[in-house]
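Novice: Sharing a structure, written as structure tokens. Questions coming.
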Amino acid sequence: MPHKRLPSLSGTLVAAILLLTGCANKDDDSGQRGQAAQVGYVVVTTAAVPITTELGGRTVAFETSEVRPQVNGLIRQRLFTEGATVRAGQPLFQIDASLYRAAVAQAEANLASARANAQAAEEKAKRFEPLAKMQAIAEQDYSDALAAARVARAAVAQTAAALDTARINLRYTAIAAPISGRIGRSLATPGALVSANQAEPLAVIQRTDPLYVDIQQSAAELTALRRSLAAGGVQPGSTAVRLRLEDGSLYPIVGTVQFSEVTVNEATGTVTLRARVPNPQGLLLPGMFVTALFEQAVDPKAMLVPQTAVQRDFDGSAFVYLVGKDDKAARRKVVAERTVGADWVVTDGLKPGDRVITQGVGNLRQGAQVKPVPASRPERVGASAGKDANEGK
């Protein structure tokens with residue numbers, strides 16, 4: 001008989017232990033649910049925030065000139081160092097000038113002959129004038145003499161123009177730099193035959209200080225910006241532009257946006273904006289790819305929220321937790337598409353005065369009781385603060 005009662009006694013003890021354990025767990029859960037998590041918050045305010053745009057662009061020489069011959073002949077000398085800086089008017093090539101000096105001499109002789117003929121014709125017309133008045137000669141003879149004098153004067157002007165042309169051609173045998181700048185490699189060597197109508201230049205000169213930067217922006221983005229400016233939603237920004245180089249570093253000198261094209265590129269759907277950037281040290285070279293950063297507009301009523309407060313759902317949408325009514329956490333969807341420093345710019349979902357939780361957001365749930373403190377206070381918030389409070393008890 002005693003052996004038959006043991007199982008009943010053991011079952012009773014196990015039931016009692018489970019009952020006590022359940023009560024203890026229930027008490028612990030009740031204590032945890034009743035403990036309000038301490039969180040830090042910031043109050044939403046509005047501020048003027050620049051809308052920074054980053055666009056790709058390429059550097060373009062401020063001035064470009066192709067050095068070309070204007071007369072035909074053999075190149076006798078190259079008078080510059082490849083890659084050097086040249087000044088406007090500096091001789092670069094010398095073409096054989098023998099034929100052009102001879103042409104000048106011939107034109108000078110023709111001019112002297114024409115002047116002599118003109119002088120003789122004018123003297124003859126002067127002698128015929130009194131004779132014609134006295135009717136000593138036919139009137140036609142005097143008219144012919146006057147016409148001959150006028151033809152002789154015209155011949156003088158014609159030969160003088162031919163002399164000027166010959167002298168200009170002689171001057172063109174010394175090919176000079178049209179602009180100041182850096183000259184590239186020589187595309188012709190001494191002994192080469194060049195002509196005034198050749199397709200290939202002898203060299204190329206580029207002025208690189210200052211430098212242009214051609215920036216490409218989507219026509220749709222530019223249209224949206226202009227509509228916002230017209231509606232008063234944003235204010236015009238600054239024309240200052242900074243450049244980020246291909247290695248990720250920032251160019252130290254600030255440039256200025258000069259203008260935007262009035263037409264859209266049909267192939268790319270973009271509009272070209274041109275900026276002017278000083279380049280005193282020659283760090284920038286024509287053809288480089290750069291990223292332009294500039295403030296096209298300013299949002300006067302932007303709301304900034306610390307990045308630690310903004311979380312993302314599975315679909316990528318942003319949300320924050322607010323200190324709601326009765327100090328309960330309230331989940332709020334927001335629109336945050338860009339950052340400024342350590343903050344997100346929220347364009348929808350918040351209003352000034354909202355208290356956004358920035359600290360202790362890791363384990364928050366909708367409707368959870370919280371103990372809000374300003375995030376600027378040097379208090380420990382979140383789970384660690386609750387643990388310290390329990391230990392203090």
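How things are named: the first chain in the structure tokens is A, the next is B, and so on; residues count from 1 in each chain; ligands count from 1 in the order shown.
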Which region 248-346 of chain A residues have any atom within 10 Å of an atom of region 50-62 of chain A, and for each, what is the nearest pair of atoms with distance in Å to one decimal, counting only C-alpha atoms, rows sorted by chain and number, as a tab-separated table?
Specialist:
residue	atom	partner	partner_atom	distance
A:Thr272	CA	A:Gly57	CA	9.0
A:Leu273	CA	A:Gly57	CA	9.0
A:Arg274	CA	A:Gly57	CA	9.1
A:Ala275	CA	A:Thr59	CA	9.3
A:Arg276	CA	A:Phe62	CA	8.5
A:Val277	CA	A:Thr59	CA	9.3
A:Leu284	CA	A:Thr59	CA	7.6
A:Leu285	CA	A:Thr59	CA	6.9
A:Pro286	CA	A:Val60	CA	4.8
A:Gly287	CA	A:Thr59	CA	5.1
A:Met288	CA	A:Thr59	CA	5.4
A:Phe289	CA	A:Arg58	CA	4.6
A:Val290	CA	A:Gly57	CA	5.4
A:Thr291	CA	A:Gly56	CA	4.5
A:Ala292	CA	A:Leu55	CA	5.3
A:Leu293	CA	A:Glu54	CA	4.7
A:Phe294	CA	A:Thr53	CA	5.5
A:Glu295	CA	A:Thr52	CA	4.5
A:Gln296	CA	A:Ile51	CA	6.3
A:Ala297	CA	A:Ile51	CA	5.3
A:Val298	CA	A:Pro50	CA	4.1
A:Asp299	CA	A:Pro50	CA	6.0
A:Pro300	CA	A:Pro50	CA	8.3
A:Ala302	CA	A:Pro50	CA	9.1
A:Arg338	CA	A:Ile51	CA	9.2
A:Thr339	CA	A:Thr52	CA	9.7
A:Val340	CA	A:Pro50	CA	8.7
A:Val345	CA	A:Ile51	CA	9.9
Novice: Would you save the residues of that selection, restricted to C-alpha atoms, as a CSV table (one decimal), in the first residue's frame?
Specialist:
chain,number,residue,atom,x,y,z
A,272,THR,CA,24.4,71.9,-70.2
A,273,LEU,CA,25.3,74.3,-67.4
A,274,ARG,CA,28.7,76.0,-67.7
A,275,ALA,CA,30.8,77.0,-64.6
A,276,ARG,CA,34.0,79.0,-64.6
A,277,VAL,CA,36.7,77.8,-62.2
A,284,LEU,CA,42.8,70.9,-63.8
A,285,LEU,CA,43.4,69.8,-67.4
A,286,PRO,CA,40.9,70.0,-70.3
A,287,GLY,CA,38.8,66.8,-70.7
A,288,MET,CA,38.9,65.7,-67.0
A,289,PHE,CA,35.8,64.2,-65.5
A,290,VAL,CA,34.7,65.9,-62.3
A,291,THR,CA,31.6,66.0,-60.0
A,292,ALA,CA,30.2,69.5,-59.5
A,293,LEU,CA,28.6,70.3,-56.2
A,294,PHE,CA,26.5,73.5,-56.0
A,295,GLU,CA,23.4,74.9,-54.2
A,296,GLN,CA,20.7,75.4,-56.9
A,297,ALA,CA,18.1,76.4,-54.3
A,298,VAL,CA,17.4,76.8,-50.6
A,299,ASP,CA,14.4,75.2,-48.8
A,300,PRO,CA,13.4,77.8,-46.2
A,302,ALA,CA,13.1,72.2,-44.1
A,338,ARG,CA,18.5,63.3,-48.7
A,339,THR,CA,20.9,64.1,-45.9
A,340,VAL,CA,22.6,67.3,-44.7
A,345,VAL,CA,15.8,66.3,-44.4
Novice: Fewer than 6 positions away in the same chain doesn't count, so skip those; otherwise give me all residues within 12 Å of Ala199 (chain A), counting only C-alpha atoms, as JSON, numbers by chain.
Specialist: {"A": [66, 67, 68, 69, 187]}
Novice: Write out as a PyMOL selection string which residues come within 9 Å of Arg207 (chain A) when counting only C-alpha atoms, dropping same-chain ones fewer than 4 positions away.
Specialist: chain A and resi 61-65+179-183+211
Novice: Counting only C-alpha atoms, which residues of region 144-244 of chain A fall within 12 Å of region 75-78 of chain A, and what is the closest atom pair for each with its distance in Å at one decimal, ordered by chain and rising number, as a tab-separated table?
Specialist:
residue	atom	partner	partner_atom	distance
A:Thr173	CA	A:Ile75	CA	8.8
A:Ala174	CA	A:Gln77	CA	9.6
A:Ile175	CA	A:Arg78	CA	9.6
A:Ala176	CA	A:Arg78	CA	11.0
A:Arg185	CA	A:Arg78	CA	11.3
A:Ser186	CA	A:Arg78	CA	8.5
A:Leu187	CA	A:Arg78	CA	10.7
A:Ala188	CA	A:Ile75	CA	8.2
A:Thr189	CA	A:Ile75	CA	7.1
A:Pro190	CA	A:Ile75	CA	4.9
A:Gly191	CA	A:Ile75	CA	5.2
A:Ala192	CA	A:Ile75	CA	5.6
A:Leu193	CA	A:Ile75	CA	6.5
A:Val194	CA	A:Ile75	CA	7.2
A:Ser195	CA	A:Ile75	CA	10.3
A:Leu202	CA	A:Arg78	CA	10.3
A:Ala203	CA	A:Arg78	CA	10.9
Novice: Between A:Phe314, A:Tyr212, A:Tyr321, A:Trp344, which has the minimum distance to Tyr41 (chain A) (counting only C-alpha atoms)?
Specialist: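 Using only C-alpha atoms, the shortest distance to Tyr41 (chain A) belongs to A:Tyr321.
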Novice: Name the closest residue to Ala152 (chain A) among the candidates A:Asp313, A:Asp327, A:Glu122, A:Glu337; distances are taken between atoms, counting only C-alpha atoms.
Specialist: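 Ranked by minimum distance to Ala152 (chain A), first place goes to A:Glu122.
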Novice: Going by DSSP on the backbone, which residues of region 28-108 of chain A come out as alpha helix (DSSP H)? List them as a ChimeraX atom specification.
Specialist: /A:28-34,98-108
Novice: Between CA of Ala196 (chain A) and CA of Pro178 (chain A), what is the distance in Å, rounded to a tenth?
Specialist: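 One can read the CA of Ala196 (chain A) to CA of Pro178 (chain A) distance as 15.7 Å.
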Novice: Could you jot down the CA of Gly360 (chain A) to CA of Ala37 (chain A) separation for me, Å, one decimal place?
Specialist: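 Interatomic distance here is 7.9 Å.
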Novice: When you look at Leu163 (chain A) with a cut-off of 9 Å (counting only C-alpha atoms), what residues show up, excluding the ones that are within fewer than 5 positions of it in the same chain? I need them as a ChimeraX atom specification.
Specialist: /A:103-108,110-111,158,168
Novice: Using only C-alpha atoms, can you tell me which of A:Ala160, A:Val334, A:Ala231, A:Ile205 comes closest to Met303 (chain A)?
Specialist: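 Looking at the shortest contact to Met303 (chain A), the residue is A:Val334.
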Novice: At what distance in Å, to one decimal, does CA of Asp348 (chain A) lie from CA of Ala336 (chain A)?
Specialist: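 The value is 7.7 Å.
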Novice: Looking at only C-alpha atoms, which of A:Leu146, A:Pro201, A:Pro130, A:Ser228 is the one that sits closest to Gly184 (chain A)?
Specialist: A:Pro201
Novice: Using only C-alpha atoms, which protein or nucleic acid residues come within 12 Å of Val43 (chain A)? Drop anything in the same chain fewer than 3 positions from it, and give the result as a list in words.
Specialist: Gly40, Thr46, Met303, Leu304, Val305, Pro306, Ala309, Leu322, Val323, Leu350, Lys351, Pro352, Gly353, Asp354, Arg355, Val356, Ile357, Thr358, Pro372, Val373, Pro374, Ala375 and Ser376 of chain A
Novice: Hey, can you spit out that residue selection with N, CA and C atoms as a PDB file, in the first residue's frame?
Specialist:
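part-v7.pdb, written as the output of this step:
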ATOM      1  N   GLY A  40      15.575  59.343 -25.386  1.00  0.00           N
ATOM      2  CA  GLY A  40      15.920  60.735 -25.666  1.00  0.00           C
ATOM      3  C   GLY A  40      15.211  61.225 -26.906  1.00  0.00           C
ATOM      4  N   THR A  46      11.955  74.086 -37.940  1.00  0.00           N
ATOM      5  CA  THR A  46      12.265  74.342 -39.356  1.00  0.00           C
ATOM      6  C   THR A  46      13.527  75.182 -39.464  1.00  0.00           C
ATOM      7  N   MET A 303      12.807  70.506 -42.407  1.00  0.00           N
ATOM      8  CA  MET A 303      12.840  69.907 -41.075  1.00  0.00           C
ATOM      9  C   MET A 303      13.969  68.884 -41.028  1.00  0.00           C
ATOM     10  N   LEU A 304      14.884  69.071 -40.086  1.00  0.00           N
ATOM     11  CA  LEU A 304      16.038  68.201 -39.943  1.00  0.00           C
ATOM     12  C   LEU A 304      15.830  67.247 -38.778  1.00  0.00           C
ATOM     13  N   VAL A 305      16.115  65.971 -39.009  1.00  0.00           N
ATOM     14  CA  VAL A 305      15.984  64.931 -37.981  1.00  0.00           C
ATOM     15  C   VAL A 305      17.296  64.157 -37.954  1.00  0.00           C
ATOM     16  N   PRO A 306      17.857  63.914 -36.773  1.00  0.00           N
ATOM     17  CA  PRO A 306      19.100  63.137 -36.704  1.00  0.00           C
ATOM     18  C   PRO A 306      18.952  61.784 -37.386  1.00  0.00           C
ATOM     19  N   ALA A 309      17.472  58.665 -35.699  1.00  0.00           N
ATOM     20  CA  ALA A 309      16.042  58.538 -35.423  1.00  0.00           C
ATOM     21  C   ALA A 309      15.279  57.888 -36.572  1.00  0.00           C
ATOM     22  N   LEU A 322       7.700  58.838 -32.383  1.00  0.00           N
ATOM     23  CA  LEU A 322       7.455  60.096 -31.694  1.00  0.00           C
ATOM     24  C   LEU A 322       7.040  59.820 -30.261  1.00  0.00           C
ATOM     25  N   VAL A 323       7.255  60.815 -29.401  1.00  0.00           N
ATOM     26  CA  VAL A 323       6.674  60.778 -28.061  1.00  0.00           C
ATOM     27  C   VAL A 323       5.239  61.265 -28.199  1.00  0.00           C
ATOM     28  N   LEU A 350       6.033  65.012 -40.728  1.00  0.00           N
ATOM     29  CA  LEU A 350       6.272  65.661 -39.444  1.00  0.00           C
ATOM     30  C   LEU A 350       5.808  67.107 -39.509  1.00  0.00           C
ATOM     31  N   LYS A 351       5.656  67.676 -38.331  1.00  0.00           N
ATOM     32  CA  LYS A 351       5.336  69.097 -38.230  1.00  0.00           C
ATOM     33  C   LYS A 351       6.153  69.693 -37.096  1.00  0.00           C
ATOM     34  N   PRO A 352       6.405  70.996 -37.140  1.00  0.00           N
ATOM     35  CA  PRO A 352       7.177  71.617 -36.068  1.00  0.00           C
ATOM     36  C   PRO A 352       6.529  71.365 -34.704  1.00  0.00           C
ATOM     37  N   GLY A 353       7.364  71.060 -33.730  1.00  0.00           N
ATOM     38  CA  GLY A 353       6.883  70.780 -32.380  1.00  0.00           C
ATOM     39  C   GLY A 353       6.803  69.298 -32.058  1.00  0.00           C
ATOM     40  N   ASP A 354       6.810  68.422 -33.071  1.00  0.00           N
ATOM     41  CA  ASP A 354       6.811  66.978 -32.804  1.00  0.00           C
ATOM     42  C   ASP A 354       8.083  66.596 -32.056  1.00  0.00           C
ATOM     43  N   ARG A 355       7.914  65.644 -31.113  1.00  0.00           N
ATOM     44  CA  ARG A 355       9.065  65.149 -30.349  1.00  0.00           C
ATOM     45  C   ARG A 355       9.498  63.802 -30.948  1.00  0.00           C
ATOM     46  N   VAL A 356      10.619  63.835 -31.642  1.00  0.00           N
ATOM     47  CA  VAL A 356      11.121  62.641 -32.325  1.00  0.00           C
ATOM     48  C   VAL A 356      12.130  61.942 -31.416  1.00  0.00           C
ATOM     49  N   ILE A 357      11.925  60.659 -31.228  1.00  0.00           N
ATOM     50  CA  ILE A 357      12.826  59.873 -30.384  1.00  0.00           C
ATOM     51  C   ILE A 357      14.088  59.549 -31.168  1.00  0.00           C
ATOM     52  N   THR A 358      15.228  59.922 -30.600  1.00  0.00           N
ATOM     53  CA  THR A 358      16.514  59.692 -31.260  1.00  0.00           C
ATOM     54  C   THR A 358      17.383  58.689 -30.522  1.00  0.00           C
ATOM     55  N   PRO A 372      10.325  60.060 -21.601  1.00  0.00           N
ATOM     56  CA  PRO A 372      11.110  60.921 -22.497  1.00  0.00           C
ATOM     57  C   PRO A 372      11.969  61.926 -21.749  1.00  0.00           C
ATOM     58  N   VAL A 373      13.179  62.097 -22.204  1.00  0.00           N
ATOM     59  CA  VAL A 373      14.084  63.143 -21.711  1.00  0.00           C
ATOM     60  C   VAL A 373      14.717  63.805 -22.932  1.00  0.00           C
ATOM     61  N   PRO A 374      15.039  65.095 -22.890  1.00  0.00           N
ATOM     62  CA  PRO A 374      15.698  65.741 -24.038  1.00  0.00           C
ATOM     63  C   PRO A 374      17.006  65.031 -24.375  1.00  0.00           C
ATOM     64  N   ALA A 375      17.242  64.843 -25.643  1.00  0.00           N
ATOM     65  CA  ALA A 375      18.438  64.112 -26.066  1.00  0.00           C
ATOM     66  C   ALA A 375      19.711  64.850 -25.708  1.00  0.00           C
ATOM     67  N   SER A 376      19.618  66.137 -25.460  1.00  0.00           N
ATOM     68  CA  SER A 376      20.818  66.893 -25.118  1.00  0.00           C
ATOM     69  C   SER A 376      21.259  66.671 -23.690  1.00  0.00           C
TER      70      SER A 376
END
